[in-house]
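First up is the structure itself, then whatever we jot down about it.
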Amino acid sequence: MNSDEPLRCIQEEQRDFYLKLTTENASSMTYFKRRWDENRGDEYAGWGCSDYYFEVIPDGTVIRQMEIYDSGVVLQYHPDHLTDTFGFLTDQSIDLSEFAPFSISRQEFEAAWASHQPLNR
């Protein structure tokens, strides 16, 4: 067993978990777009502020996440791409009542998702 094998197994388990959630909740997703008026506070702070898009199942778990920065940089996270050197799919559930004012349609989410080429792909 090489040193990367345990990590690869964990990543595959996480991917399978998110894919199962996606399948089980396909007809009950909610979508949000929320502005963050603060930079990242890390070595990528120069990207500026950002708009976040979230696809969420009824318990608040995020299934897909897109970050669009003022500089034009786009990051996308989903079951097949959970983490990279820039960030990761949030592991925090969204408070659906707090995010309600930021609700968008599935069509708006999908159009944004499809029309942006992410840096991290």
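Within each chain, counting starts at residue 1; across the structure tokens, chains are named A, B, ... in the order shown, with ligands numbered 1 upward in that order.
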I'd like the contact shell of A:Ser97 - 12 Å cut-off, only C-alpha atoms, skipping same-chain residues fewer than 4 positions apart - returned as a list in words.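 Residues meeting the cut-off are Thr30, Phe32, Pro58, Asp59, Gly60, Ser93, Pro101, Phe102 and Ser103 of chain A.
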Residues near A:Glu110, cut-off 10 Å, only C-alpha atoms, skip fewer than 3 positions along chain, as a ChimeraX atom specification: /A:31,53,55,105-107,113-115
Can you list every residue in stretch 2-116 of chain A that DSSP puts in strand (DSSP E or B), as a ChimeraX atom specification? /A:30-36,50-56,62-69,74-78,81,83,88,103-104
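If you measure from each of A:Arg8, A:Asp95, A:Ile57, A:Gly41 to A:Ser27 using only C-alpha atoms, the closest one turns out to be A:Ile57.
With distances taken over only C-alpha atoms, A:Pro79 is the one residue among A:Gly72, A:Pro79, A:Gly48, A:Pro118 lying closest to A:Gln11.
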I'd like the contact shell of A:Arg35 - 8 Å cut-off, only C-alpha atoms, skipping same-chain residues fewer than 4 positions apart - returned as a PDB file with N, CA and C atoms, in the first residue's frame.
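This went into part.pdb:
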ATOM      1  N   CYS A  49     -13.605  40.240  -3.413  1.00  0.00           N
ATOM      2  CA  CYS A  49     -14.821  39.697  -2.798  1.00  0.00           C
ATOM      3  C   CYS A  49     -15.443  38.687  -3.756  1.00  0.00           C
ATOM      4  N   SER A  50     -16.537  38.052  -3.331  1.00  0.00           N
ATOM      5  CA  SER A  50     -17.064  36.970  -4.168  1.00  0.00           C
ATOM      6  C   SER A  50     -18.566  36.779  -4.013  1.00  0.00           C
ATOM      7  N   ASP A  51     -19.115  36.124  -5.015  1.00  0.00           N
ATOM      8  CA  ASP A  51     -20.479  35.607  -4.971  1.00  0.00           C
ATOM      9  C   ASP A  51     -20.371  34.098  -4.840  1.00  0.00           C
ATOM     10  N   TYR A  52     -21.111  33.544  -3.893  1.00  0.00           N
ATOM     11  CA  TYR A  52     -21.148  32.100  -3.680  1.00  0.00           C
ATOM     12  C   TYR A  52     -22.488  31.567  -4.164  1.00  0.00           C
TER      13      TYR A  52
END
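The coordinates place atom CA of A:Thr61 at 26.4 Å from atom CA of A:Trp47.
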Please identify the helix (DSSP H, G or I) residues within chain A (assignment by DSSP from backbone atoms) and present them as JSON, numbers by chain. {"A": [5, 6, 7, 8, 9, 10, 11, 12, 13, 14, 15, 16, 17, 18, 19, 20, 21, 22, 23, 24, 45, 46, 47, 96, 97, 98, 99, 100, 101, 102, 106, 107, 108, 109, 110, 111, 112, 113, 114, 115]}
Can you write just those residues out, N, CA and C atoms, as a short mmCIF file (atom, residue, chain, number, x, y, z; two decimals), in the first residue's frame?
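Contents of selection_12.cif, as written:
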data_model
loop_
_atom_site.label_atom_id
_atom_site.label_comp_id
_atom_site.auth_asym_id
_atom_site.auth_seq_id
_atom_site.Cartn_x
_atom_site.Cartn_y
_atom_site.Cartn_z
N GLU A 5 -2.76 5.84 -0.65
CA GLU A 5 -3.92 4.95 -0.67
C GLU A 5 -4.97 5.27 0.40
N PRO A 6 -4.61 5.48 1.67
CA PRO A 6 -5.64 5.81 2.67
C PRO A 6 -6.40 7.09 2.32
N LEU A 7 -5.69 8.10 1.83
CA LEU A 7 -6.35 9.35 1.45
C LEU A 7 -7.30 9.12 0.28
N ARG A 8 -6.88 8.34 -0.69
CA ARG A 8 -7.73 8.06 -1.85
C ARG A 8 -8.99 7.32 -1.42
N CYS A 9 -8.88 6.39 -0.48
CA CYS A 9 -10.04 5.65 0.03
C CYS A 9 -11.02 6.60 0.73
N ILE A 10 -10.50 7.49 1.53
CA ILE A 10 -11.35 8.47 2.22
C ILE A 10 -12.06 9.35 1.21
N GLN A 11 -11.34 9.83 0.19
CA GLN A 11 -11.94 10.68 -0.83
C GLN A 11 -13.03 9.93 -1.59
N GLU A 12 -12.80 8.67 -1.90
CA GLU A 12 -13.83 7.88 -2.59
C GLU A 12 -15.06 7.69 -1.71
N GLU A 13 -14.87 7.48 -0.41
CA GLU A 13 -16.00 7.35 0.51
C GLU A 13 -16.79 8.65 0.58
N GLN A 14 -16.10 9.79 0.63
CA GLN A 14 -16.78 11.08 0.67
C GLN A 14 -17.55 11.30 -0.63
N ARG A 15 -16.93 11.00 -1.75
CA ARG A 15 -17.59 11.15 -3.04
C ARG A 15 -18.85 10.31 -3.09
N ASP A 16 -18.74 9.04 -2.70
CA ASP A 16 -19.90 8.15 -2.70
C ASP A 16 -21.01 8.67 -1.79
N PHE A 17 -20.63 9.22 -0.63
CA PHE A 17 -21.60 9.78 0.31
C PHE A 17 -22.36 10.93 -0.34
N TYR A 18 -21.65 11.86 -0.97
CA TYR A 18 -22.30 13.01 -1.60
C TYR A 18 -23.14 12.59 -2.80
N LEU A 19 -22.67 11.63 -3.57
CA LEU A 19 -23.47 11.15 -4.71
C LEU A 19 -24.76 10.50 -4.24
N LYS A 20 -24.70 9.75 -3.14
CA LYS A 20 -25.90 9.14 -2.57
C LYS A 20 -26.88 10.22 -2.13
N LEU A 21 -26.39 11.25 -1.45
CA LEU A 21 -27.25 12.35 -1.02
C LEU A 21 -27.89 13.05 -2.22
N THR A 22 -27.11 13.23 -3.27
CA THR A 22 -27.62 13.88 -4.48
C THR A 22 -28.76 13.06 -5.09
N THR A 23 -28.57 11.77 -5.20
CA THR A 23 -29.58 10.88 -5.77
C THR A 23 -30.85 10.87 -4.92
N GLU A 24 -30.68 10.74 -3.62
CA GLU A 24 -31.83 10.66 -2.70
C GLU A 24 -32.63 11.96 -2.64
N ALA A 45 -6.19 36.60 -1.48
CA ALA A 45 -7.02 37.76 -1.12
C ALA A 45 -7.14 38.75 -2.27
N GLY A 46 -6.14 38.79 -3.13
CA GLY A 46 -6.16 39.69 -4.28
C GLY A 46 -7.27 39.38 -5.28
N TRP A 47 -7.89 38.22 -5.15
CA TRP A 47 -9.01 37.90 -6.03
C TRP A 47 -10.21 38.79 -5.72
N LEU A 96 -30.99 27.07 6.53
CA LEU A 96 -31.91 27.40 5.44
C LEU A 96 -32.73 28.64 5.73
N SER A 97 -33.08 28.89 6.98
CA SER A 97 -33.85 30.10 7.29
C SER A 97 -32.99 31.36 7.14
N GLU A 98 -31.73 31.26 7.48
CA GLU A 98 -30.81 32.40 7.32
C GLU A 98 -30.55 32.69 5.84
N PHE A 99 -30.51 31.65 5.02
CA PHE A 99 -30.21 31.81 3.61
C PHE A 99 -31.45 32.07 2.75
N ALA A 100 -32.64 31.97 3.33
CA ALA A 100 -33.88 32.13 2.55
C ALA A 100 -33.90 33.39 1.68
N PRO A 101 -33.45 34.54 2.18
CA PRO A 101 -33.47 35.74 1.33
C PRO A 101 -32.55 35.66 0.10
N PHE A 102 -31.68 34.68 0.07
CA PHE A 102 -30.72 34.55 -1.02
C PHE A 102 -31.08 33.41 -1.98
N ARG A 106 -33.45 26.93 -9.60
CA ARG A 106 -32.53 25.92 -10.11
C ARG A 106 -31.97 26.35 -11.47
N GLN A 107 -32.83 26.94 -12.29
CA GLN A 107 -32.40 27.38 -13.61
C GLN A 107 -31.29 28.43 -13.52
N GLU A 108 -31.43 29.38 -12.59
CA GLU A 108 -30.39 30.40 -12.41
C GLU A 108 -29.08 29.75 -11.95
N PHE A 109 -29.18 28.82 -11.01
CA PHE A 109 -27.98 28.13 -10.53
C PHE A 109 -27.31 27.37 -11.68
N GLU A 110 -28.09 26.58 -12.41
CA GLU A 110 -27.52 25.75 -13.48
C GLU A 110 -26.92 26.61 -14.59
N ALA A 111 -27.57 27.73 -14.91
CA ALA A 111 -27.03 28.62 -15.94
C ALA A 111 -25.69 29.21 -15.50
N ALA A 112 -25.61 29.62 -14.25
CA ALA A 112 -24.34 30.16 -13.73
C ALA A 112 -23.28 29.07 -13.71
N TRP A 113 -23.63 27.89 -13.24
CA TRP A 113 -22.69 26.78 -13.16
C TRP A 113 -22.11 26.45 -14.53
N ALA A 114 -22.98 26.37 -15.53
CA ALA A 114 -22.56 25.96 -16.87
C ALA A 114 -21.80 27.06 -17.61
N SER A 115 -22.01 28.31 -17.25
CA SER A 115 -21.44 29.40 -18.02
C SER A 115 -20.09 29.91 -17.50
#
Pick from A:Ser28, A:Val56, A:Gly87, A:Asp70: nearest to A:Asp42, with only C-alpha atoms counted? A:Gly87
Rounded to one decimal place, report the atom CA of A:Ile94-atom CA of A:Gln65 distance in Å.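 A separation of 11.7 Å between them.
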Quick one: of A:Asp91, A:Ile63, A:Asn39, A:Thr83, who's nearest to A:Ala26, counting only C-alpha atoms?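 That would be A:Ile63, the residue with the smallest distance to A:Ala26.
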Residue nearest A:Met29 among A:Thr90, A:Ile104, A:Leu75, A:Ile68 (counting only C-alpha atoms):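 Nearest to A:Met29: A:Ile104.
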